[in-house]
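Note sheet for the following structure.
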Protein chains: 2
Amino acid sequence: MTQLEKAKFGEVSPAMEQVAKQEGIKPKELLNIIAEGKAVIFKSELHNNVIPLGIGKHLRVKVNANIGSSPKKADINYELEKLKVCEEFKADTVMDLSTGGDIDAIRRAIIAKSTMPVGTVPIYQAVIEKKTIEDLSESEMLKGIIKHIQDGVDFITVHSGFTRDQIKPLRSRVMGVVSRGGSFLLKWMLHNNKENPLYENFDKIMFHAKKYDVTLSLGDGLRPGCLKDATDKAQMAELKTLGKLAKTAYDNGVQSIIEGPGHVPLDQIKINIDLQKEYCHGAPFYVLGPLVTDIAPGYDHITSAIGGALAATCGADYLCYVTPAEHLGLPTLEDVKQGIITSRIAAHAADIAKGVKNARVWDDEMSEARANLDWKKMYELAIDPKLAKKVRDECENADDEVCSMCGEFCSVKINKELRKGD
Amino acid sequence: MTQLEKAKFGEVSPAMEQVAKQEGIKPKELLNIIAEGKAVIFKSELHNNVIPLGIGKHLRVKVNANIGSSPKKADINYELEKLKVCEEFKADTVMDLSTGGDIDAIRRAIIAKSTMPVGTVPIYQAVIEKKTIEDLSESEMLKGIIKHIQDGVDFITVHSGFTRDQIKPLRSRVMGVVSRGGSFLLKWMLHNNKENPLYENFDKIMFHAKKYDVTLSLGDGLRPGCLKDATDKAQMAELKTLGKLAKTAYDNGVQSIIEGPGHVPLDQIKINIDLQKEYCHGAPFYVLGPLVTDIAPGYDHITSAIGGALAATCGADYLCYVTPAEHLGLPTLEDVKQGIITSRIAAHAADIAKGVKNARVWDDEMSEARANLDWKKMYELAIDPKLAKKVRDECENADDEVCSMCGEFCSVKINKELRKGD
């Protein structure tokens with residue numbers, strides 16, 4: 001039985017116990033949310049060392065880091081180094097989006113090493129190995145999916161919501177389809193003059209996912225790639241389809257989440273989340289960004305942190321990181337680190353804003369340490385302790401007695417003195 | 001006559017013409033906003049080379065960069081280098097917060113070189129030169145202010161809203177007073193058992209500011225220094241006082257803006273802006289952040305970009321940058337750059353969200369260039385062209401024919417091909 005089926009039957013699973021403990025809520029409360037389809041637990045029955053992770057309503061907002069090889073940089077050790085960075089800086093999940101080298105070996109190594117849930121987009125590998133998009137058969141697509149499931153991935157992206165009737169409204173877009181999976185399917189549908197095979201074969205996909213309780217991440221092939229394309233007809237049509245598929249998955253006891261944008265102006269973020277929750281019956285929402293402006297290549301971890309913080313405050317449950325390399329190249333190890341920390345800041349800001357249990361304790365402890373000018377404690381509590389210490393150590397003004405910004409006339413020092421005088 | 005007085009008389013000044021042109025609105029429209037006290041023009045009559053800058057309702061959100069020496073790093077040339085960074089990365093204003101070396105010489109050099117409006121906090125220098133806070137006389141404070149005004153600063157921060165009756169509610173705070181000016185005044189009031197001299201002498205301050213049309217930036221000495229202290233009694237009491245002072249300034253034809261927080265949870269940002277607009281009769285709002293979490297020293301340019309983007313979307317008009325060095329040390333040249341760019345991203349995201357005229361043109365041009373894989377144009381349009389080019393140049397995957405993230409199976413390339421086939 002999947003976690004969803006157990007929840008529907010009112011049976012608290014060990015994974016639910018574990019997740020509830022992590023989140024500081026009661027197992028029964030978590031069970032109810034899962035039973036409503038408003039939270040999922042990532043944990044494939046084939047991923048032995050994985051620590052189950054909950055994503056959804058009332059739970060801490062989670063952060064995913066994308067890693068993976070490319071044809072020009074296909075080194076299994078480099079990908080395992082990235083995985084270490086993900087662990088060190090506390091991503092909640094990783095997605096292996098490898099497109100180069102021995103893709104099977106890389107994925108299997110990542111799954112073997114990772115205690116974080118691992119996700120993939122099986123269609124990438126299927127297309128790469130076929131060397132063409134157009135001639136990939138439906139059964140080859142399905143085989144690709146099955147292979148990833150059998151390797152022990154905890155969740156897979158399937159772009160099942162992009163159907164043929166959504167092709168026409170795309171013509172008015174500036175950026176067209178920017179999702180890689182979406183663009184593959186667009187090309188396939190146009191060439192073969194047939195419906196999206198991931199839509200047509202959704203039953204089969206569910207069947208295989210259900211076997212090992214792999215969560216379906218229903219991909220947004222039509223996410224907007226620029227502000228001008230945001231919240232348009234194509235995006236909304238796909239979202240409605242995703243909502244129907246989520247309902248189908250739910251009815252069949254298969255866990256699913258919904259993927260979302262993308263590039264979205266700040267004033268359209270709330271409505272995007274509201275519509276997702278409405279169309280998709282409250283299914284967990286996994287957003288890439290949203291990036292709130294198009295003009296900052298090199299800084300898109302920041303443009304997406306702005307959008308991500310607001311999206312998560314409005315109800316998004318899971319943020320896919322965006323790194324400084326977005327729109328420009330593949331992320332380096334440093335980019336992976338920056339992407340994770342920036343997304344975690346966004347997620348945490350949202351946890352505080354929506355009152356996730358105990359979220360603010362961390363901040364309050366930091367403030368206490370700050371008020372006491374307790375630098376050791378401040379470093380310990382910092383989201384990046386090494387960096388915090390480094391920046392201060394390099395500051396010529398640093399002195400334990402003062403907050404190093406103001407020197408002698410430090411406001412914190414003055415306050416401390418005044419408190420003593422009370 | 002000040003710009004405010006001219007606006008009240010219905011006289012379009014050359015500065016209004018200039019600002020209206022920059023903003024792409026009609027001079028008469030700008031005049032009306034200024035006449036209502038909802039926008040100001042920064043331009044001291046003694047700052048010869050300054051380009052007048054408008055701040056307020058319907059205008060592009062502006063970004064300030066703080067620079068200035070410290071006792072341990074007091075090098076006039078280093079400050080002028082920082083000024084160059086501010087120009088290169090397009091800060092709208094600079095504040096010289098020098099506290100070390102020949103403070104007069106540094107300020108005068110900055111004013112002489114800067115075409116951006118320059119602001120200061122005169123009380124810093126007054127305290128430093130007196131070497132004590134407690135014994136500084138009221139007339140010495142005033143003299144300090146007059147000196148800065150006569151040197152040609154375009155705006156000055158005066159913490160006139162922090163009155164004695166607000167001391168008691170501070171005791172329940174974690175961080176107490178984190179504004180340097182605020183902590184000076186707290187110490188002064190407690191020691192001298194008298195009311196805040198910047199409050200008591202507000203008429204005199206107005207008198208001197210008005211002479212050369214220096215804008216008063218009404219400082220928030222009680223801005224919260226951590227999430228727990230946000231939107232508390234002390235902060236709100238000061239805000240109300242600032243509103244009254246803004247009204248007094250307005251009635252006297254003196255331009256003023258209001259300074260605001262600080263550390264504020266994301267869900268309290270909107271109410272903070274709404275209350276400021278209500279208490280302060282729509283006077284322009286200048287915020288420091290707000291920082292939406294306390295746990296990210298080393299990344300507070302990002303925590304503040306999240307808060308700043310939302311604050312500006314809700315109506316804040318002017319963002320004070322926060323650099324990665326915040327809470328840790330004084331900013332380096334690189335920190336200044338990061339602070340400016342990050343704040344500009346936040347400001348621009350808000351301009352788009354609130355529909356500031358022509359704000360989205362930049363993004364739409366970038367998206368057009370992206371859709372065409374026109375890298376030259378993308379670099380030109382990027383907020384940091386050199387960095388964008390560098391990141392891509394370093395990417396082993398780079399190839400003009402594809403967006404470098406996906407290599408051969410580039411979604412943008414596929415879209416481009418499909419467009420051709422139309």
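Chains: A, B, ... in order of the structure tokens. Residues: from 1 per chain. Ligands: from 1, in order shown.
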Checklist entry - Within 7 Å of Ala316 (chain A), counting only C-alpha atoms, which residues qualify if same-chain residues fewer than 5 places away don't, as a PyMOL selection string? => result chain A and resi 273+285-287+311
Give me the residues near Lys168 (chain A) as a PDB file with N, CA, C and O atoms, in the first residue's frame, where near means some atom within 10 Å (using only C-alpha atoms) and where sequence neighbours in that chain fewer than 4 positions away do not count.
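That gives us out06.pdb:
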```
ATOM      1  N   ARG A 164      -2.478  18.178 -26.821  1.00  0.00           N
ATOM      2  CA  ARG A 164      -2.430  18.773 -28.170  1.00  0.00           C
ATOM      3  C   ARG A 164      -3.230  20.072 -28.298  1.00  0.00           C
ATOM      4  O   ARG A 164      -2.835  20.975 -29.020  1.00  0.00           O
ATOM      5  N   SER A 172       1.037  32.640 -29.431  1.00  0.00           N
ATOM      6  CA  SER A 172       1.105  34.050 -29.053  1.00  0.00           C
ATOM      7  C   SER A 172       2.195  34.313 -28.000  1.00  0.00           C
ATOM      8  O   SER A 172       2.396  35.434 -27.565  1.00  0.00           O
ATOM      9  N   LYS A 233      -3.166  31.570 -21.324  1.00  0.00           N
ATOM     10  CA  LYS A 233      -4.149  30.532 -21.625  1.00  0.00           C
ATOM     11  C   LYS A 233      -3.528  29.133 -21.605  1.00  0.00           C
ATOM     12  O   LYS A 233      -4.083  28.196 -21.026  1.00  0.00           O
ATOM     13  N   ALA A 234      -2.355  29.007 -22.237  1.00  0.00           N
ATOM     14  CA  ALA A 234      -1.699  27.699 -22.319  1.00  0.00           C
ATOM     15  C   ALA A 234      -1.339  27.193 -20.917  1.00  0.00           C
ATOM     16  O   ALA A 234      -1.605  26.040 -20.569  1.00  0.00           O
TER      17      ALA A 234
END
```
Next on the checklist: Please extract the residues of region 160-228 of chain B with a backbone DSSP assignment of strand (DSSP E) and present them as a PyMOL selection string.
Outcome noted: chain B and resi 215-218
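Picture a line from CA of Met189 (chain B) to CA of Thr163 (chain B); it runs 8.8 Å.
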Item to check | Check: which chain B residues lie within 6 Å of chain A using only C-alpha atoms, as a PyMOL selection string | outcome: chain B and resi 72+175+178+180+183+265-267+292-298+306+328-330+349+353+363+371+382-383+388+392+395+397+404-405+411
Checklist entry - Near Leu198 (chain B), counting only C-alpha atoms, which residues have an atom at most 9 Å away, once you skip same-chain residues fewer than 2 positions from it, shown as a VMD selection string? => result chain B and resid 138 141 to 142 158 to 162 185 195 to 196 200 to 202 205
Next on the checklist: Restricting the calculation to only C-alpha atoms: of A:Gly24, A:Gly56, A:Gly219, A:Pro224, which residue gets closest to Leu242 (chain A)?
Outcome noted: A:Gly219
Item to check | Per-residue DSSP, region 235-291 of chain B, filtered to helix (DSSP H, G or I), as an MDAnalysis selection string | outcome: chainID B and resid 235:251 266:279
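Considering the residues B:Ser114, B:Gly221, B:Ala126, B:Lys210 and counting only C-alpha atoms, Gln166 (chain B) has its shortest atom-to-atom contact with B:Gly221.
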Item to check | For Phe42 (chain A): contacts at 12 Å, only C-alpha atoms, fewer than 4 positions along chain excluded, given as a PyMOL selection string | outcome: chain A and resi 2-4+15-16+18-19+34+46-47+50-56+62+92-94+115-119+152-156+209+212-217+254-257+284
Checklist entry - Which residues come within 10 Å of Glu29 (chain B), counting only C-alpha atoms, excluding same-chain residues fewer than 6 positions away, as a list in words? => result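 Residues meeting the cut-off are Met16, Ala20, Ala35 and His58 of chain B.
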Atoms kept (N, CA, C and O atoms) for selection, written as a short mmCIF file (atom, residue, chain, number, x, y, z; two decimals), in the first residue's frame:
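Written out: selection-v4.cif:
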```
data_model
loop_
_atom_site.label_atom_id
_atom_site.label_comp_id
_atom_site.auth_asym_id
_atom_site.auth_seq_id
_atom_site.Cartn_x
_atom_site.Cartn_y
_atom_site.Cartn_z
N MET B 16 11.38 69.67 -11.76
CA MET B 16 10.19 68.83 -12.02
C MET B 16 10.16 68.39 -13.48
O MET B 16 9.84 67.23 -13.77
N ALA B 20 10.22 64.53 -14.35
CA ALA B 20 9.07 64.00 -15.08
C ALA B 20 9.55 63.30 -16.36
O ALA B 20 9.05 62.23 -16.73
N ALA B 35 2.79 68.21 -4.70
CA ALA B 35 1.94 69.16 -3.97
C ALA B 35 1.14 68.46 -2.86
O ALA B 35 0.80 69.06 -1.85
N HIS B 58 3.84 56.64 -7.79
CA HIS B 58 3.84 56.51 -9.26
C HIS B 58 5.23 56.62 -9.88
O HIS B 58 5.35 56.54 -11.11
#
```
